[in-house]
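Shown here: data_13.cif, mmCIF, C-alpha atoms.
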data_my_file
#
loop_
_atom_site.label_atom_id
_atom_site.label_comp_id
_atom_site.auth_asym_id
_atom_site.auth_seq_id
_atom_site.Cartn_x
_atom_site.Cartn_y
_atom_site.Cartn_z
CA MET I 21 -79.09 -63.19 44.02
CA PHE I 22 -77.07 -63.76 40.90
CA ARG I 23 -73.53 -62.87 40.04
CA VAL I 24 -72.74 -61.52 36.61
CA ASP I 25 -69.19 -61.22 35.35
CA LEU I 26 -69.15 -58.85 32.44
CA ALA I 27 -66.18 -58.78 30.07
CA VAL I 28 -65.91 -55.84 27.69
CA ARG I 29 -63.37 -55.90 24.88
CA PRO I 30 -62.63 -54.04 21.65
CA ARG I 31 -64.96 -54.93 18.79
CA PRO I 32 -63.25 -57.07 16.12
CA GLY I 33 -61.70 -54.80 13.51
CA VAL I 34 -61.26 -51.89 15.90
CA LYS I 35 -57.64 -51.03 16.66
CA ASP I 36 -56.48 -52.28 20.06
CA PRO I 37 -53.34 -50.27 20.94
CA GLN I 38 -53.35 -51.59 24.51
CA ALA I 39 -53.10 -55.16 23.24
CA GLU I 40 -50.26 -54.17 20.92
CA ALA I 41 -48.39 -52.53 23.80
CA VAL I 42 -48.82 -55.56 26.08
CA GLN I 43 -47.81 -57.83 23.20
CA GLU I 44 -44.63 -55.87 22.73
CA SER I 45 -43.69 -56.23 26.40
CA LEU I 46 -44.42 -59.96 26.49
CA THR I 47 -42.41 -60.51 23.34
CA ARG I 48 -39.53 -58.54 24.83
CA LEU I 49 -39.67 -60.90 27.84
CA GLY I 50 -39.23 -63.82 25.46
CA HIS I 51 -42.80 -65.13 25.29
CA HIS I 52 -42.75 -65.63 21.55
CA ARG I 53 -45.57 -68.22 21.51
CA VAL I 54 -48.06 -65.89 23.20
CA VAL I 55 -50.44 -63.71 21.20
CA VAL I 56 -52.41 -60.98 23.00
CA ASP I 57 -55.83 -61.07 21.34
CA ALA I 58 -57.45 -58.21 23.23
CA VAL I 59 -57.22 -55.95 26.27
CA GLY I 60 -60.53 -55.10 27.91
CA ARG I 61 -62.23 -54.65 31.26
CA LEU I 62 -64.07 -56.83 33.77
CA LEU I 63 -67.03 -55.82 35.91
CA SER I 64 -68.48 -58.14 38.56
CA LEU I 65 -72.08 -57.47 39.56
CA THR I 66 -74.45 -58.93 42.10
CA ILE I 67 -78.06 -58.58 40.98
CA ASP I 68 -81.11 -59.13 43.16
CA CYS I 69 -83.48 -60.98 40.84
CA GLU I 70 -85.42 -64.23 40.45
CA SER I 71 -83.59 -66.07 37.69
CA ALA I 72 -80.42 -66.21 35.64
CA ASP I 73 -82.43 -64.99 32.66
CA ASP I 74 -83.54 -61.94 34.65
CA ALA I 75 -79.94 -61.26 35.67
CA GLN I 76 -78.82 -61.47 32.07
CA ARG I 77 -81.59 -59.10 30.97
CA VAL I 78 -80.67 -56.55 33.63
CA ALA I 79 -76.97 -56.74 32.79
CA SER I 80 -77.71 -56.37 29.07
CA THR I 81 -79.69 -53.22 29.82
CA LEU I 82 -76.77 -51.80 31.80
CA CYS I 83 -74.49 -52.51 28.86
CA ASP I 84 -76.82 -50.80 26.40
CA GLU I 85 -77.41 -47.76 28.61
CA LEU I 86 -73.93 -47.10 29.94
CA LEU I 87 -71.26 -49.72 30.14
CA VAL I 88 -70.55 -50.60 26.51
CA ASN I 89 -69.85 -48.23 23.66
CA PRO I 90 -71.18 -50.19 20.67
CA SER I 91 -69.02 -48.24 18.23
CA LEU I 92 -65.88 -49.59 19.83
CA GLU I 93 -66.73 -52.47 22.10
CA THR I 94 -68.44 -55.79 22.45
CA TYR I 95 -69.13 -57.84 25.57
CA THR I 96 -69.73 -61.29 26.97
CA MET I 97 -71.15 -62.25 30.36
CA THR I 98 -71.27 -65.24 32.64
CA VAL I 99 -74.14 -65.60 35.10
CA SER I 100 -74.03 -67.73 38.24
CA SER I 101 -76.17 -68.19 41.33
CA ASN I 102 -74.77 -66.26 44.26
CA GLY I 103 -76.43 -68.15 47.09
CA MET E 6 -72.89 -4.25 26.46
CA SER E 7 -72.18 -6.62 29.35
CA ASN E 8 -69.90 -9.59 28.81
CA PRO E 9 -71.72 -12.86 28.04
CA PRO E 10 -71.82 -15.26 30.99
CA ALA E 11 -69.91 -18.52 30.60
CA ALA E 12 -70.04 -21.51 32.95
CA VAL E 13 -66.95 -23.70 33.30
CA VAL E 14 -68.22 -27.02 34.61
CA VAL E 15 -65.96 -28.57 37.25
CA PHE E 16 -66.12 -32.36 37.54
CA PRO E 17 -64.36 -34.39 40.23
CA GLY E 18 -60.95 -34.83 38.58
CA SER E 19 -61.05 -31.83 36.23
CA ASN E 20 -57.69 -30.11 35.95
CA GLY E 21 -58.17 -27.64 33.09
CA ASP E 22 -60.94 -25.61 34.68
CA ARG E 23 -58.80 -22.72 35.93
CA ASP E 24 -56.99 -22.34 32.60
CA LEU E 25 -60.35 -22.32 30.83
CA LEU E 26 -61.72 -19.75 33.24
CA GLU E 27 -58.75 -17.48 32.54
CA ALA E 28 -58.95 -17.89 28.75
CA LEU E 29 -62.68 -17.07 28.76
CA THR E 30 -62.09 -14.09 31.03
CA ALA E 31 -59.27 -12.86 28.76
CA THR E 32 -61.68 -12.95 25.80
CA GLN E 33 -64.33 -10.87 27.60
CA PHE E 34 -66.63 -13.50 29.00
CA ASP E 35 -68.01 -13.25 32.53
CA ALA E 36 -66.78 -16.74 33.32
CA PHE E 37 -67.40 -18.66 36.51
CA LEU E 38 -66.80 -22.17 37.84
CA HIS E 39 -69.87 -24.37 38.19
CA PRO E 40 -70.10 -27.76 39.96
CA SER E 41 -71.05 -30.66 37.70
CA GLY E 42 -73.58 -31.98 40.22
CA GLU E 43 -75.97 -29.09 39.58
CA PRO E 44 -77.79 -28.10 36.38
CA VAL E 45 -76.25 -25.14 34.56
CA PRO E 46 -78.04 -21.95 35.66
CA THR E 47 -80.26 -20.05 33.25
CA GLY E 48 -78.94 -17.00 31.46
CA VAL E 49 -75.63 -18.56 30.53
CA ALA E 50 -74.46 -18.05 26.93
CA LEU E 51 -71.66 -20.62 26.85
CA VAL E 52 -70.95 -23.81 28.77
CA ALA E 53 -67.37 -25.11 28.80
CA LEU E 54 -66.33 -28.63 29.79
CA PRO E 55 -62.64 -28.65 30.76
CA GLY E 56 -59.87 -31.15 30.36
CA GLY E 57 -58.71 -33.49 33.08
CA PHE E 58 -59.64 -36.92 34.37
CA SER E 59 -63.28 -36.63 35.38
CA PHE E 60 -64.17 -39.36 37.87
CA GLY E 61 -60.66 -40.70 37.40
CA ASP E 62 -61.50 -41.72 33.81
CA TYR E 63 -62.88 -44.87 35.47
CA TRP E 64 -64.25 -47.55 33.15
CA ARG E 65 -64.20 -45.31 30.04
CA ALA E 66 -63.02 -41.69 29.84
CA GLY E 67 -65.95 -39.30 30.12
CA MET E 68 -68.57 -41.99 30.70
CA LEU E 69 -69.40 -41.22 34.32
CA ALA E 70 -69.25 -37.46 33.82
CA SER E 71 -71.64 -37.66 30.87
CA HIS E 72 -74.51 -38.44 33.27
CA GLU E 73 -73.90 -35.50 35.59
CA PRO E 74 -76.78 -32.97 36.01
CA ALA E 75 -74.71 -30.18 34.40
CA VAL E 76 -74.34 -32.28 31.25
CA ALA E 77 -77.84 -33.74 31.11
CA GLY E 78 -79.42 -30.40 30.17
CA LEU E 79 -76.94 -29.41 27.47
CA GLY E 80 -79.06 -30.68 24.58
CA LYS E 81 -81.90 -28.31 25.47
CA PHE E 82 -79.40 -25.54 26.19
CA VAL E 83 -78.01 -25.84 22.66
CA ASP E 84 -81.51 -26.09 21.15
CA ALA E 85 -82.18 -22.71 22.76
CA GLY E 86 -79.11 -21.21 21.07
CA GLY E 87 -76.40 -21.77 23.68
CA LEU E 88 -72.81 -22.66 22.85
CA VAL E 89 -70.97 -25.65 24.32
CA ILE E 90 -67.26 -26.39 24.10
CA GLY E 91 -65.66 -29.55 25.43
CA ILE E 92 -61.88 -29.69 25.52
CA CYS E 93 -59.94 -32.97 25.74
CA ASN E 94 -61.76 -34.80 28.56
CA GLY E 95 -64.64 -32.40 27.88
CA PHE E 96 -64.69 -33.66 24.28
CA GLN E 97 -64.80 -37.23 25.59
CA ILE E 98 -67.73 -36.30 27.83
CA LEU E 99 -69.66 -34.77 24.90
CA VAL E 100 -69.16 -37.94 22.86
CA GLU E 101 -70.15 -40.18 25.77
CA ALA E 102 -73.26 -38.04 26.30
CA GLY E 103 -74.28 -38.58 22.67
CA LEU E 104 -74.05 -34.86 21.92
CA LEU E 105 -71.34 -35.57 19.34
CA PRO E 106 -71.13 -38.75 17.22
CA GLY E 107 -68.56 -41.52 17.30
CA ALA E 108 -66.09 -42.37 20.04
CA LEU E 109 -62.69 -41.43 21.44
CA SER E 110 -60.38 -44.30 22.20
CA TYR E 111 -56.82 -45.10 23.15
CA ASN E 112 -54.11 -43.33 21.19
CA ASP E 113 -52.61 -45.39 18.40
CA PRO E 114 -49.79 -46.19 19.02
CA ALA E 115 -50.74 -46.50 22.70
CA GLY E 116 -49.41 -43.95 25.14
CA PHE E 117 -50.03 -40.57 26.65
CA ARG E 118 -48.99 -37.73 24.29
CA HIS E 119 -48.18 -34.24 25.48
CA ARG E 120 -46.60 -31.86 23.00
CA TRP E 121 -47.40 -29.01 20.66
CA VAL E 122 -49.30 -29.74 17.45
CA THR E 123 -50.55 -27.70 14.53
CA VAL E 124 -54.22 -27.93 13.57
CA ARG E 125 -55.74 -26.61 10.37
CA ARG E 126 -59.19 -25.13 9.84
CA THR E 127 -61.29 -26.91 7.21
CA ARG E 128 -64.29 -25.43 5.40
CA VAL E 129 -66.68 -26.74 8.08
CA ASP E 130 -68.13 -23.67 9.76
CA GLY E 131 -69.55 -22.79 13.15
CA PRO E 132 -69.88 -19.95 15.63
CA TRP E 133 -66.33 -20.55 16.85
CA PHE E 134 -64.41 -19.75 13.72
CA GLY E 135 -65.00 -16.09 12.90
CA GLN E 136 -61.35 -15.39 13.71
CA LEU E 137 -60.02 -18.42 11.88
CA PRO E 138 -60.65 -18.62 8.11
CA PRO E 139 -60.47 -21.95 6.24
CA GLY E 140 -56.85 -23.01 5.79
CA ALA E 141 -55.65 -21.05 8.83
CA THR E 142 -53.56 -22.94 11.37
CA MET E 143 -53.22 -22.85 15.14
CA ARG E 144 -50.37 -24.10 17.30
CA LEU E 145 -51.91 -25.81 20.34
CA PRO E 146 -50.73 -28.21 23.04
CA ILE E 147 -52.12 -31.73 23.41
CA ALA E 148 -52.12 -33.87 26.57
CA HIS E 149 -54.16 -37.06 26.28
CA GLY E 150 -54.09 -40.84 26.27
CA GLU E 151 -57.53 -41.45 24.75
CA GLY E 152 -57.73 -39.00 21.87
CA ALA E 153 -58.06 -41.29 18.87
CA TYR E 154 -61.33 -40.34 17.21
CA TYR E 155 -63.29 -43.24 15.75
CA HIS E 156 -66.56 -43.55 13.88
CA PRO E 157 -67.87 -46.90 12.61
CA GLY E 158 -68.79 -45.23 9.31
CA GLY E 159 -65.23 -44.04 8.74
CA ALA E 160 -63.91 -40.53 8.22
CA GLU E 161 -66.39 -39.86 5.40
CA ALA E 162 -69.32 -40.28 7.80
CA VAL E 163 -68.26 -37.22 9.80
CA SER E 164 -66.28 -35.13 7.30
CA ALA E 165 -69.04 -32.49 7.24
CA ARG E 166 -68.61 -32.04 10.99
CA VAL E 167 -64.83 -31.74 11.25
CA PRO E 168 -63.70 -28.11 11.53
CA LEU E 169 -60.10 -28.79 12.63
CA VAL E 170 -57.65 -31.46 11.48
CA TYR E 171 -54.12 -32.28 12.61
CA ASN E 172 -51.29 -31.42 10.26
CA ASP E 173 -49.32 -34.30 11.78
CA ASN E 174 -51.74 -36.79 13.37
CA PRO E 175 -50.48 -37.51 16.92
CA ASN E 176 -52.96 -40.15 18.06
CA GLY E 177 -54.38 -42.25 15.21
CA SER E 178 -57.65 -40.35 14.81
CA ILE E 179 -59.49 -41.31 11.64
CA GLY E 180 -59.39 -38.53 9.06
CA ASP E 181 -56.87 -36.60 11.22
CA VAL E 182 -59.86 -35.38 13.28
CA ALA E 183 -58.80 -32.86 15.93
CA ALA E 184 -62.24 -31.37 16.57
CA LEU E 185 -65.89 -32.02 15.83
CA VAL E 186 -69.10 -29.98 15.78
CA ASP E 187 -72.73 -31.11 15.99
CA ASP E 188 -75.36 -30.43 13.33
CA THR E 189 -75.93 -26.88 14.60
CA GLY E 190 -72.22 -26.08 14.87
CA ARG E 191 -72.85 -24.76 18.36
CA ILE E 192 -71.35 -27.78 20.13
CA LEU E 193 -67.58 -27.99 19.65
CA GLY E 194 -65.45 -30.83 20.90
CA VAL E 195 -61.71 -30.30 20.52
CA MET E 196 -58.90 -32.62 21.63
CA PRO E 197 -55.99 -30.11 21.76
CA HIS E 198 -56.09 -27.40 24.43
CA PRO E 199 -56.89 -23.90 23.09
CA GLU E 200 -57.19 -22.60 26.67
CA ARG E 201 -53.54 -23.51 27.31
CA ALA E 202 -52.44 -21.52 24.23
CA SER E 203 -53.69 -18.30 25.75
CA HIS E 204 -50.52 -16.18 26.00
CA VAL E 205 -47.34 -15.87 23.97
CA ALA E 206 -45.38 -16.52 27.17
CA LEU E 207 -46.93 -20.01 27.21
CA GLY E 208 -45.73 -20.72 23.66
CA SER E 209 -48.78 -19.54 21.73
CA ASP E 210 -51.86 -17.41 22.14
CA ALA E 211 -53.55 -18.90 19.08
CA GLY E 212 -56.21 -20.70 21.13
CA LEU E 213 -57.88 -17.45 22.13
CA ALA E 214 -59.23 -17.14 18.57
CA LEU E 215 -61.88 -19.80 19.28
CA PHE E 216 -63.15 -18.04 22.40
CA THR E 217 -63.06 -14.60 20.78
CA GLY E 218 -64.95 -16.00 17.80
CA ALA E 219 -67.58 -17.46 20.13
CA ARG E 220 -67.97 -14.19 22.03
CA GLU E 221 -68.34 -12.20 18.81
CA TRP E 222 -70.92 -14.69 17.52
CA ILE E 223 -72.90 -14.44 20.76
CA GLU E 224 -72.88 -10.66 20.60
CA SER E 225 -74.04 -10.71 16.98
CA THR E 226 -76.95 -13.03 17.79
CA ARG E 227 -77.97 -11.88 21.26
CA SER E 228 -81.59 -12.82 20.68
CA ALA E 229 -80.53 -16.45 20.29
CA VAL E 230 -79.02 -16.62 23.77
CA PRO E 231 -81.34 -18.49 26.15
CA ALA E 232 -82.94 -16.29 28.78
#
Conversion result in structure tokens:
Amino acid sequence: MFRVDLAVRPRPGVKDPQAEAVQESLTRLGHHRVVVDAVGRLLSLTIDCESADDAQRVASTLCDELLVNPSLETYTMTVSSNG
Amino acid sequence: MSNPPAAVVVFPGSNGDRDLLEALTATQFDAFLHPSGEPVPTGVALVALPGGFSFGDYWRAGMLASHEPAVAGLGKFVDAGGLVIGICNGFQILVEAGLLPGALSYNDPAGFRHRWVTVRRTRVDGPWFGQLPPGATMRLPIAHGEGAYYHPGGAEAVSARVPLVYNDNPNGSIGDVAALVDDTGRILGVMPHPERASHVALGSDAGLALFTGAREWIESTRSAVPA
């Protein structure tokens, strides 16, 4: 079993209105040294497979088929053994 | 001549299905509600995907609904001459299903917008626009948080597919895109709600023009309607 944490965020260059809105609120609270780079989504998966490479391959397929819209989004993942 | 049958697909979380049913009925369709978990029955002339929050808009608006059985067969349905309209969340579903190009993302500036807008017909044609000549305008309501149309190729990449543009862009869509058609023109995705502009008592009945145009087109090309 492997755990994959998938982080999906707006592709560089694509407008990120959610980040701008969160930035505005944080700035209003006085956090002037904080810059919100992106707002995205996190998906945690447990995958029944033999190796971390397999887990990464499966997760990449899920991203290509459904989870990531390549016009708007990009993603990173971390893979760890889940016992 | 009997009225053409029209299926309004109901997803878990749809909220515009009843309005759409009424607008189609008012424009002489034999409209009925159809569950998204079943393929659209044969003999239908038009399939309509309503607004709402299908599957709670979880993960990405329209993504989960785009894999429902009622959506999976729409490509073949259109190849056989059928018409498909997706309104608001229905437009998002069509884009997520790959039936229309590009993507719909968060409004810019961020926030849910609900108000009346004016859209203008371009020279891009399709079966929907027999009642709406180029340059004509419609007053329609919007109600969406993810209506900003985006295409990685920019507005020029889709300009030949944009039949309606906003007069005063409410959501940051590139090229003021308010609606989009596919290569055939038979698939229409529209972000404002024509079905909610279906009676003067509601503020406008301009939206009925799209449905009337579709019905007249179907009647003029009856042989193209899938059996």
Applying 9 Å and only C-alpha atoms, which residues near region 11-27 of chain E remain after dropping the ones on its own chain fewer than 4 positions away? List them as a ChimeraX atom specification. /E:31-32,34-42,45-46,49-62,70,73,75-76,92,94,198-201,203
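If you take all atoms listed in the file and a cut-off of 6 Å, the residues of chain E that reach chain I are Asp113, Pro114, Ala115 and Pro157 of chain E.
As for CA of Ala28 (chain E) and CA of Val100 (chain E), they are spaced 23.3 Å apart.
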CA of Gly194 (chain E) to CA of Pro106 (chain E) measures 10.4 Å
Report, in Å with one decimal, the straight-line distance from CA of Glu224 (chain E) to CA of Gly190 (chain E).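 A separation of 16.5 Å between them.
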Tell me which residues the PyMOL selection byres ((chain I and resi 56) around 7) grabs here, as a ChimeraX atom specification. /I:39,43,54-55,57-58
Which residues, written as a PyMOL selection string, have at least one atom at most 8 Å from region 22-30 of chain I, with all atoms listed in the file counted and residues fewer than 2 positions away on the same chain left out? chain I and resi 32+34-36+58-69+71-72+75-76+79+88+92-103
Here is a test: counting only C-alpha atoms, which residue of E:Val186, E:Val170, E:Ala160, E:Met196 is nearest to Leu88 (chain E)?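 Counting only C-alpha atoms, the residue closest to Leu88 (chain E) is E:Val186.
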Check what the PyMOL selection byres ((chain E and resi 141) around 12) selects in the file above and give those residues as a PyMOL selection string. chain E and resi 123-128+134-140+142-144+168-172+211+214
